[in-house]
Amino acid sequence: MSRIAKSAKGEECQVRMPNICNHNPETTIFAHINGGGMGMKQPDTEGAYCCSTCHDMLDGRAVNYAAMTAEQCEYFNMSLKLHHHEGAMRTRKILIDKGLIMIK
């Protein structure tokens with residue numbers, strides 16, 4: 001586990017999905033943005049501090065896609081991506097402030 005991933009312990013969730021987020025820093029992990037390919041992860045610069053319930057939504061463990069139309073699934077997935085990307089943006093700011101990411 002990288003220093004960046006370890007830094008998530010005890011941090012506030014930065015994904016913050018409305019009516020989903022549990023706001024419990026004890027459950028926060030570092031969630032990488034999807035898109036690295038099967039069995040691969042994006043770099044740590046592309047991830048967010050994420051609580052367990054937001055993470056369950058992002059990874060599809062708490063979603064009943066069978067109850068949605070194709071259009072609803074597409075809209076829902078775009079919403080998840082937006083929340084995750086916004087969380088990654090907020091997390092990068094924290095990582096810069098902690099000195100874990102440096103911009104030259």
# chains A, B, ... in the order shown; residues from 1 in each chain; ligands from 1

$ closest_atom_pairs --of "range 3-69 of chain A" --to "range 73-84 of chain A" --cutoff "7 Å" --atoms "only C-alpha atoms" --output "tab-separated table"
residue	atom	partner	partner_atom	distance
A:Val15	CA	A:His84	CA	5.5
A:Met17	CA	A:His83	CA	6.6
A:Ile33	CA	A:His84	CA	6.9
A:Ala48	CA	A:His84	CA	6.9
A:Leu58	CA	A:Leu80	CA	6.2
A:Tyr65	CA	A:Cys73	CA	6.5
A:Met68	CA	A:Cys73	CA	6.0
A:Thr69	CA	A:Cys73	CA	6.2

$ closest_residue --among "A:Ser52, A:Leu100, A:Pro43, A:Ala66" --to "Cys13 in chain A" --atoms "only C-alpha atoms"
A:Ser52

$ residues_around --residues "Lys98 in chain A" --least-positions-apart "6" --cutoff "12 Å" --atoms "only C-alpha atoms" --output "list in words"
Arg3, Ile4, Ser7, Ala8, Thr91 and Arg92 of chain A

$ closest_residue --among "A:Gly35, A:Pro18, A:Gly60, A:Gly87" --to "Gly47 in chain A" --atoms "only C-alpha atoms"
A:Gly87

$ atom_distance --atom1 "CA of Cys21 in chain A" --atom2 "CA of Lys41 in chain A"
23.1 Å

$ select_by_dssp --residues "chain A" --states "helix (DSSP H, G or I)" --output "PyMOL selection string"
chain A and resi 3-6+25-27+52-58+65-67+70-98

$ residues_around --residues "Thr27 in chain A" --least-positions-apart "3" --cutoff "12 Å" --atoms "only C-alpha atoms" --output "count of residues only"
20

$ closest_residue --among "A:Leu95, A:Ile20, A:Ile29, A:Met89" --to "Met57 in chain A" --atoms "only C-alpha atoms"
A:Ile20

$ closest_residue --among "A:Lys6, A:His85, A:Arg16, A:Arg61" --to "His32 in chain A" --atoms "only C-alpha atoms"
A:His85
